[in-house]
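Please read the structure below before turning to the comments.
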Amino acid sequence: MVVAQENVAVNGSRRLSPQEIADILRERIRAGELKAGDRLPTQAELAEEFAVERGTVRQALRALQEDGLLSNVSKGSPPRVAAPAPVSGEPKPTMVGLAPRLVAAFAAREVRVDVVCHTAETLLMALGEPLRHIHEGTLAPESIDVRILLPSREIALAFPRSVQDQGEEDPVHKRWLEMRNAQAQVLRHNLLAVRSTHGIDVHVTIRALPFTPPVKLYLLNGEEALIGYYVVTERAEEHEGATLEMYDALGAASLLFSFDRQTEERDGAFVTESQKWFDALWETISTESTLS
């Protein structure tokens, strides 16, 4: 079971979370109960159906809109089911574009996912969708092999880092390391859980890079490459009662460009060379990663 936080009502009964409501509506769209152009029930009707507050319904609808499944989400009128977007086309933010591509990749009998990133945050959230399908029985791969390259804890990161040099005591680096370790551990737990519950042969390996990767890269079954640029910006964040001034990049907002081996010769060459690049890093300068 995927690790998640539960919402509990005052009387002790469990309330559905916005994500769970979004999942139910997403399944109705996928099953054809709600078709492109159909209006959804009003927020009041959905709140009554799911026994939640309207605010919870609004969060669920916004999540579906961000996934490209709904249009016209507003307080004025019920949203409509959006027409399905083509697989390839304009790039989407990583948080929106990654999950459906992972679902498609997990339809294979043998799943292989290779990733280069700064933390596992986006991958962790996006993997929730194919894992949900596995638990529901709509996806049933025989094996899942995930390899992840993260920056080493031993290096001075180019970003994120404090605007003012903090030396070895940089609180931004400490915050990043805590996030990197916690997210990678949860991701590994969620993936390995389907080994015991569904008998799937699962392998999750994480290694460390001796440099700060300027891009995030997802390689899916050797057939598709998704790449996004980390755009560095100066920003401030409150952390443990202090304001951290840092150079950082919000990877979830990075536009994700898709290259499919089957699309054209140029795309196929990009997928091949990206896989070669990943494999070379994995087999040469990467080292065993410690998640503690």
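Identifiers for the structure tokens are assigned positionally: chains receive A, B, ... in sequence, residues are indexed from 1 per chain, and ligands are indexed from 1 in the order shown.
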Strand (DSSP E) positions in region 36-257 of chain A, given as a PyMOL selection string: chain A and resi 70-71+80-81+92-93+110-116+143-151+161-162+201-209+215-220+224-229+233-239+242-248+255-257
Residues near region 251-263 of chain A, cut-off 7 Å, only C-alpha atoms, skip fewer than 4 positions along chain, as a VMD selection string: chain A and resid 88 91 to 95 97 122 223 to 230 267 to 268 270 to 271
Near-region 32-39 of chain A list (6 Å; only C-alpha atoms; drop same-chain fewer than 4 positions) as a PyMOL selection string: chain A and resi 28+79-83
If you keep N, CA, C and O atoms, can you produce a file of those selected residues as a short mmCIF file (atom, residue, chain, number, x, y, z; two decimals), in the first residue's frame?
data_model
loop_
_atom_site.label_atom_id
_atom_site.label_comp_id
_atom_site.auth_asym_id
_atom_site.auth_seq_id
_atom_site.Cartn_x
_atom_site.Cartn_y
_atom_site.Cartn_z
N ARG A 28 -13.70 7.30 -13.11
CA ARG A 28 -14.97 7.43 -13.84
C ARG A 28 -14.73 7.95 -15.25
O ARG A 28 -15.39 7.52 -16.21
N PRO A 79 -17.31 22.01 -13.82
CA PRO A 79 -16.31 21.84 -14.87
C PRO A 79 -16.74 20.79 -15.87
O PRO A 79 -17.64 19.99 -15.63
N ARG A 80 -16.10 20.81 -17.02
CA ARG A 80 -16.34 19.80 -18.05
C ARG A 80 -15.14 18.86 -18.15
O ARG A 80 -14.02 19.25 -17.84
N VAL A 81 -15.40 17.64 -18.60
CA VAL A 81 -14.32 16.70 -18.87
C VAL A 81 -13.60 17.17 -20.13
O VAL A 81 -14.23 17.40 -21.16
N ALA A 82 -12.29 17.33 -20.03
CA ALA A 82 -11.51 17.83 -21.15
C ALA A 82 -11.29 16.74 -22.18
O ALA A 82 -11.30 15.54 -21.87
N ALA A 83 -11.09 17.16 -23.42
CA ALA A 83 -10.74 16.20 -24.46
C ALA A 83 -9.36 15.63 -24.16
O ALA A 83 -8.49 16.34 -23.66
#
Separation of CA of Ile29 (chain A) from CA of Val113 (chain A) in Å: 27.1 Å
All residues 6 Å or closer to Met246 (chain A), only C-alpha atoms, same chain fewer than 5 positions away omitted, as a PyMOL selection string: chain A and resi 161-163+234-235
Helix (DSSP H, G or I) residues, from DSSP on the backbone, in region 115-221 of chain A, as a JSON list (two decimals) with N, CA, C and O atoms, in the first residue's frame:
[["chain", "number", "residue", "atom", "x", "y", "z"],
["A", 121, "GLU", "N", 11.46, 13.61, -4.99],
["A", 121, "GLU", "CA", 10.14, 14.13, -4.64],
["A", 121, "GLU", "C", 9.13, 13.96, -5.77],
["A", 121, "GLU", "O", 8.06, 13.38, -5.60],
["A", 122, "THR", "N", 9.46, 14.46, -6.97],
["A", 122, "THR", "CA", 8.52, 14.39, -8.09],
["A", 122, "THR", "C", 8.28, 12.95, -8.51],
["A", 122, "THR", "O", 7.14, 12.54, -8.77],
["A", 123, "LEU", "N", 9.35, 12.16, -8.58],
["A", 123, "LEU", "CA", 9.21, 10.75, -8.96],
["A", 123, "LEU", "C", 8.35, 10.01, -7.95],
["A", 123, "LEU", "O", 7.49, 9.20, -8.32],
["A", 124, "LEU", "N", 8.54, 10.29, -6.66],
["A", 124, "LEU", "CA", 7.75, 9.65, -5.61],
["A", 124, "LEU", "C", 6.26, 9.90, -5.82],
["A", 124, "LEU", "O", 5.45, 8.96, -5.76],
["A", 125, "MET", "N", 5.89, 11.14, -6.07],
["A", 125, "MET", "CA", 4.48, 11.47, -6.23],
["A", 125, "MET", "C", 3.92, 10.90, -7.53],
["A", 125, "MET", "O", 2.80, 10.38, -7.57],
["A", 126, "ALA", "N", 4.71, 10.96, -8.61],
["A", 126, "ALA", "CA", 4.23, 10.47, -9.90],
["A", 126, "ALA", "C", 4.06, 8.95, -9.89],
["A", 126, "ALA", "O", 3.16, 8.41, -10.54],
["A", 127, "LEU", "N", 4.90, 8.23, -9.15],
["A", 127, "LEU", "CA", 4.80, 6.77, -9.09],
["A", 127, "LEU", "C", 3.54, 6.32, -8.37],
["A", 127, "LEU", "O", 3.12, 5.16, -8.52],
["A", 128, "GLY", "N", 2.93, 7.21, -7.60],
["A", 128, "GLY", "CA", 1.69, 6.84, -6.93],
["A", 128, "GLY", "C", 0.61, 6.39, -7.90],
["A", 128, "GLY", "O", -0.20, 5.51, -7.57],
["A", 129, "GLU", "N", 0.61, 6.96, -9.12],
["A", 129, "GLU", "CA", -0.43, 6.61, -10.09],
["A", 129, "GLU", "C", -0.27, 5.19, -10.63],
["A", 129, "GLU", "O", -1.22, 4.39, -10.56],
["A", 130, "PRO", "N", 0.89, 4.78, -11.17],
["A", 130, "PRO", "CA", 0.99, 3.39, -11.62],
["A", 130, "PRO", "C", 0.90, 2.38, -10.48],
["A", 130, "PRO", "O", 0.34, 1.29, -10.67],
["A", 131, "LEU", "N", 1.38, 2.74, -9.29],
["A", 131, "LEU", "CA", 1.26, 1.82, -8.16],
["A", 131, "LEU", "C", -0.20, 1.63, -7.76],
["A", 131, "LEU", "O", -0.62, 0.53, -7.37],
["A", 132, "ARG", "N", -0.97, 2.70, -7.87],
["A", 132, "ARG", "CA", -2.41, 2.58, -7.58],
["A", 132, "ARG", "C", -3.06, 1.61, -8.57],
["A", 132, "ARG", "O", -3.90, 0.78, -8.18],
["A", 133, "HIS", "N", -2.68, 1.67, -9.83],
["A", 133, "HIS", "CA", -3.22, 0.76, -10.84],
["A", 133, "HIS", "C", -2.83, -0.69, -10.53],
["A", 133, "HIS", "O", -3.62, -1.61, -10.75],
["A", 134, "ILE", "N", -1.61, -0.87, -10.05],
["A", 134, "ILE", "CA", -1.18, -2.23, -9.69],
["A", 134, "ILE", "C", -2.04, -2.76, -8.54],
["A", 134, "ILE", "O", -2.51, -3.91, -8.58],
["A", 135, "HIS", "N", -2.26, -1.94, -7.52],
["A", 135, "HIS", "CA", -3.07, -2.39, -6.38],
["A", 135, "HIS", "C", -4.52, -2.65, -6.80],
["A", 135, "HIS", "O", -5.19, -3.51, -6.22],
["A", 136, "GLU", "N", -4.99, -1.91, -7.82],
["A", 136, "GLU", "CA", -6.37, -2.12, -8.30],
["A", 136, "GLU", "C", -6.47, -3.30, -9.25],
["A", 136, "GLU", "O", -7.56, -3.77, -9.56],
["A", 167, "GLY", "N", 29.75, 27.49, 4.31],
["A", 167, "GLY", "CA", 30.72, 26.43, 4.55],
["A", 167, "GLY", "C", 30.05, 25.08, 4.76],
["A", 167, "GLY", "O", 29.00, 24.80, 4.18],
["A", 168, "GLU", "N", 30.63, 24.25, 5.59],
["A", 168, "GLU", "CA", 30.11, 22.90, 5.82],
["A", 168, "GLU", "C", 28.82, 22.91, 6.63],
["A", 168, "GLU", "O", 28.13, 21.90, 6.71],
["A", 169, "GLU", "N", 28.48, 24.04, 7.25],
["A", 169, "GLU", "CA", 27.28, 24.12, 8.09],
["A", 169, "GLU", "C", 26.10, 24.73, 7.34],
["A", 169, "GLU", "O", 25.17, 25.23, 7.96],
["A", 171, "PRO", "N", 22.75, 25.43, 6.12],
["A", 171, "PRO", "CA", 21.45, 24.84, 6.48],
["A", 171, "PRO", "C", 20.65, 24.42, 5.25],
["A", 171, "PRO", "O", 19.79, 23.52, 5.34],
["A", 172, "VAL", "N", 20.90, 25.05, 4.11],
["A", 172, "VAL", "CA", 20.19, 24.67, 2.88],
["A", 172, "VAL", "C", 20.63, 23.27, 2.44],
["A", 172, "VAL", "O", 19.81, 22.45, 2.04],
["A", 173, "HIS", "N", 21.93, 23.00, 2.55],
["A", 173, "HIS", "CA", 22.42, 21.66, 2.19],
["A", 173, "HIS", "C", 21.85, 20.62, 3.16],
["A", 173, "HIS", "O", 21.45, 19.52, 2.74],
["A", 174, "LYS", "N", 21.80, 20.95, 4.44],
["A", 174, "LYS", "CA", 21.24, 20.04, 5.44],
["A", 174, "LYS", "C", 19.78, 19.74, 5.13],
["A", 174, "LYS", "O", 19.34, 18.58, 5.18],
["A", 175, "ARG", "N", 19.01, 20.76, 4.78],
["A", 175, "ARG", "CA", 17.59, 20.59, 4.43],
["A", 175, "ARG", "C", 17.46, 19.71, 3.20],
["A", 175, "ARG", "O", 16.62, 18.80, 3.14],
["A", 176, "TRP", "N", 18.28, 19.98, 2.17],
["A", 176, "TRP", "CA", 18.23, 19.17, 0.94],
["A", 176, "TRP", "C", 18.54, 17.71, 1.23],
["A", 176, "TRP", "O", 17.86, 16.81, 0.74],
["A", 177, "LEU", "N", 19.56, 17.46, 2.04],
["A", 177, "LEU", "CA", 19.96, 16.09, 2.33],
["A", 177, "LEU", "C", 18.86, 15.34, 3.07],
["A", 177, "LEU", "O", 18.57, 14.18, 2.78],
["A", 178, "GLU", "N", 18.21, 16.01, 4.02],
["A", 178, "GLU", "CA", 17.10, 15.38, 4.75],
["A", 178, "GLU", "C", 15.97, 15.01, 3.80],
["A", 178, "GLU", "O", 15.39, 13.92, 3.88],
["A", 179, "MET", "N", 15.64, 15.93, 2.87],
["A", 179, "MET", "CA", 14.58, 15.66, 1.89],
["A", 179, "MET", "C", 14.98, 14.52, 0.96],
["A", 179, "MET", "O", 14.19, 13.61, 0.70],
["A", 180, "ARG", "N", 16.20, 14.57, 0.45],
["A", 180, "ARG", "CA", 16.69, 13.53, -0.46],
["A", 180, "ARG", "C", 16.58, 12.15, 0.17],
["A", 180, "ARG", "O", 16.06, 11.21, -0.44],
["A", 181, "ASN", "N", 17.04, 12.03, 1.41],
["A", 181, "ASN", "CA", 17.04, 10.73, 2.07],
["A", 181, "ASN", "C", 15.64, 10.24, 2.39],
["A", 181, "ASN", "O", 15.29, 9.08, 2.13],
["A", 182, "ALA", "N", 14.79, 11.12, 2.94],
["A", 182, "ALA", "CA", 13.44, 10.72, 3.33],
["A", 182, "ALA", "C", 12.61, 10.32, 2.11],
["A", 182, "ALA", "O", 11.92, 9.28, 2.12],
["A", 183, "GLN", "N", 12.67, 11.11, 1.05],
["A", 183, "GLN", "CA", 11.87, 10.82, -0.13],
["A", 183, "GLN", "C", 12.32, 9.53, -0.81],
["A", 183, "GLN", "O", 11.50, 8.72, -1.24],
["A", 184, "ALA", "N", 13.64, 9.32, -0.89],
["A", 184, "ALA", "CA", 14.15, 8.11, -1.52],
["A", 184, "ALA", "C", 13.76, 6.87, -0.71],
["A", 184, "ALA", "O", 13.45, 5.82, -1.28],
["A", 185, "GLN", "N", 13.77, 6.98, 0.61],
["A", 185, "GLN", "CA", 13.40, 5.84, 1.44],
["A", 185, "GLN", "C", 11.92, 5.48, 1.28],
["A", 185, "GLN", "O", 11.55, 4.30, 1.19],
["A", 186, "VAL", "N", 11.05, 6.50, 1.22],
["A", 186, "VAL", "CA", 9.62, 6.24, 1.03],
["A", 186, "VAL", "C", 9.37, 5.65, -0.35],
["A", 186, "VAL", "O", 8.57, 4.72, -0.52],
["A", 187, "LEU", "N", 10.05, 6.21, -1.36],
["A", 187, "LEU", "CA", 9.90, 5.68, -2.73],
["A", 187, "LEU", "C", 10.28, 4.21, -2.77],
["A", 187, "LEU", "O", 9.57, 3.38, -3.35],
["A", 188, "ARG", "N", 11.41, 3.87, -2.16],
["A", 188, "ARG", "CA", 11.85, 2.48, -2.15],
["A", 188, "ARG", "C", 10.83, 1.59, -1.42],
["A", 188, "ARG", "O", 10.50, 0.50, -1.88],
["A", 189, "HIS", "N", 10.30, 2.08, -0.29],
["A", 189, "HIS", "CA", 9.29, 1.31, 0.46],
["A", 189, "HIS", "C", 8.06, 1.06, -0.40],
["A", 189, "HIS", "O", 7.54, -0.07, -0.44],
["A", 190, "ASN", "N", 7.56, 2.10, -1.07],
["A", 190, "ASN", "CA", 6.33, 1.96, -1.86],
["A", 190, "ASN", "C", 6.51, 0.98, -3.01],
["A", 190, "ASN", "O", 5.59, 0.21, -3.34],
["A", 191, "LEU", "N", 7.67, 1.00, -3.64],
["A", 191, "LEU", "CA", 7.91, 0.08, -4.75],
["A", 191, "LEU", "C", 8.08, -1.35, -4.25],
["A", 191, "LEU", "O", 7.51, -2.29, -4.81],
["A", 192, "LEU", "N", 8.87, -1.53, -3.20],
["A", 192, "LEU", "CA", 9.11, -2.88, -2.69],
["A", 192, "LEU", "C", 7.85, -3.50, -2.10],
["A", 192, "LEU", "O", 7.74, -4.74, -2.01],
["A", 193, "ALA", "N", 6.87, -2.66, -1.72],
["A", 193, "ALA", "CA", 5.63, -3.18, -1.14],
["A", 193, "ALA", "C", 4.89, -4.07, -2.13],
["A", 193, "ALA", "O", 4.25, -5.05, -1.72],
["A", 194, "VAL", "N", 4.96, -3.76, -3.43],
["A", 194, "VAL", "CA", 4.23, -4.58, -4.41],
["A", 194, "VAL", "C", 4.92, -5.92, -4.64],
["A", 194, "VAL", "O", 4.35, -6.80, -5.27],
["A", 195, "ARG", "N", 6.15, -6.05, -4.16],
["A", 195, "ARG", "CA", 6.81, -7.36, -4.23],
["A", 195, "ARG", "C", 6.09, -8.35, -3.33],
["A", 195, "ARG", "O", 5.78, -9.49, -3.72],
["A", 196, "SER", "N", 5.77, -7.91, -2.10],
["A", 196, "SER", "CA", 5.12, -8.81, -1.15],
["A", 196, "SER", "C", 3.63, -8.94, -1.40],
["A", 196, "SER", "O", 3.04, -10.00, -1.19],
["A", 197, "THR", "N", 2.98, -7.85, -1.87],
["A", 197, "THR", "CA", 1.53, -7.90, -2.05],
["A", 197, "THR", "C", 1.11, -8.51, -3.38],
["A", 197, "THR", "O", 0.03, -9.11, -3.48],
["A", 198, "HIS", "N", 1.96, -8.37, -4.43],
["A", 198, "HIS", "CA", 1.55, -8.84, -5.75],
["A", 198, "HIS", "C", 2.56, -9.80, -6.39],
["A", 198, "HIS", "O", 2.37, -10.22, -7.54]]
From A:Leu98, A:Arg15, A:Leu25, A:Ala47, residue lying nearest Leu217 (chain A) [only C-alpha atoms]: A:Leu98
Shell of 7 Å around Val204 (chain A), only C-alpha atoms, local chain residues under 2 positions omitted, as a PyMOL selection string: chain A and resi 145-147+188+202+206
Test item: residues at most 12 Å from Asp279 (chain A), only C-alpha atoms, excluding those fewer than 2 positions along its chain, as a list in words: Asp114, Val115, Val116, Arg147, Ile148, Leu149, Arg207, Leu219, Gly222, Thr272, Glu273, Ser274, Gln275, Lys276, Trp277, Leu281, Trp282, Glu283, Thr284, Ile285 and Ser286 of chain A
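Proximity to Ala104 (chain A) was assessed for A:Pro141, A:Gly68, A:Pro151, A:Pro18 counting only C-alpha atoms; the smallest distance is recorded for A:Pro141.
Take the candidates A:Leu209, A:Gln166, A:Ala156, A:Gly199 and check each one against Ala280 (chain A) using only C-alpha atoms; the shortest distance goes to A:Leu209.
Distances here use only C-alpha atoms; by that measure, the residue among A:Ala249, A:Ala22, A:Ala31, A:Ala105 closest to Arg62 (chain A) is A:Ala22.
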Among listed residues A:Val215, A:Leu220, A:Leu250, A:Leu150, nearest Ser289 (chain A) (using only C-alpha atoms): A:Leu150
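With distances restricted to only C-alpha atoms, A:Gln59 is the closest residue to Leu16 (chain A) from A:Thr287, A:Thr42, A:Thr243, A:Gln59.
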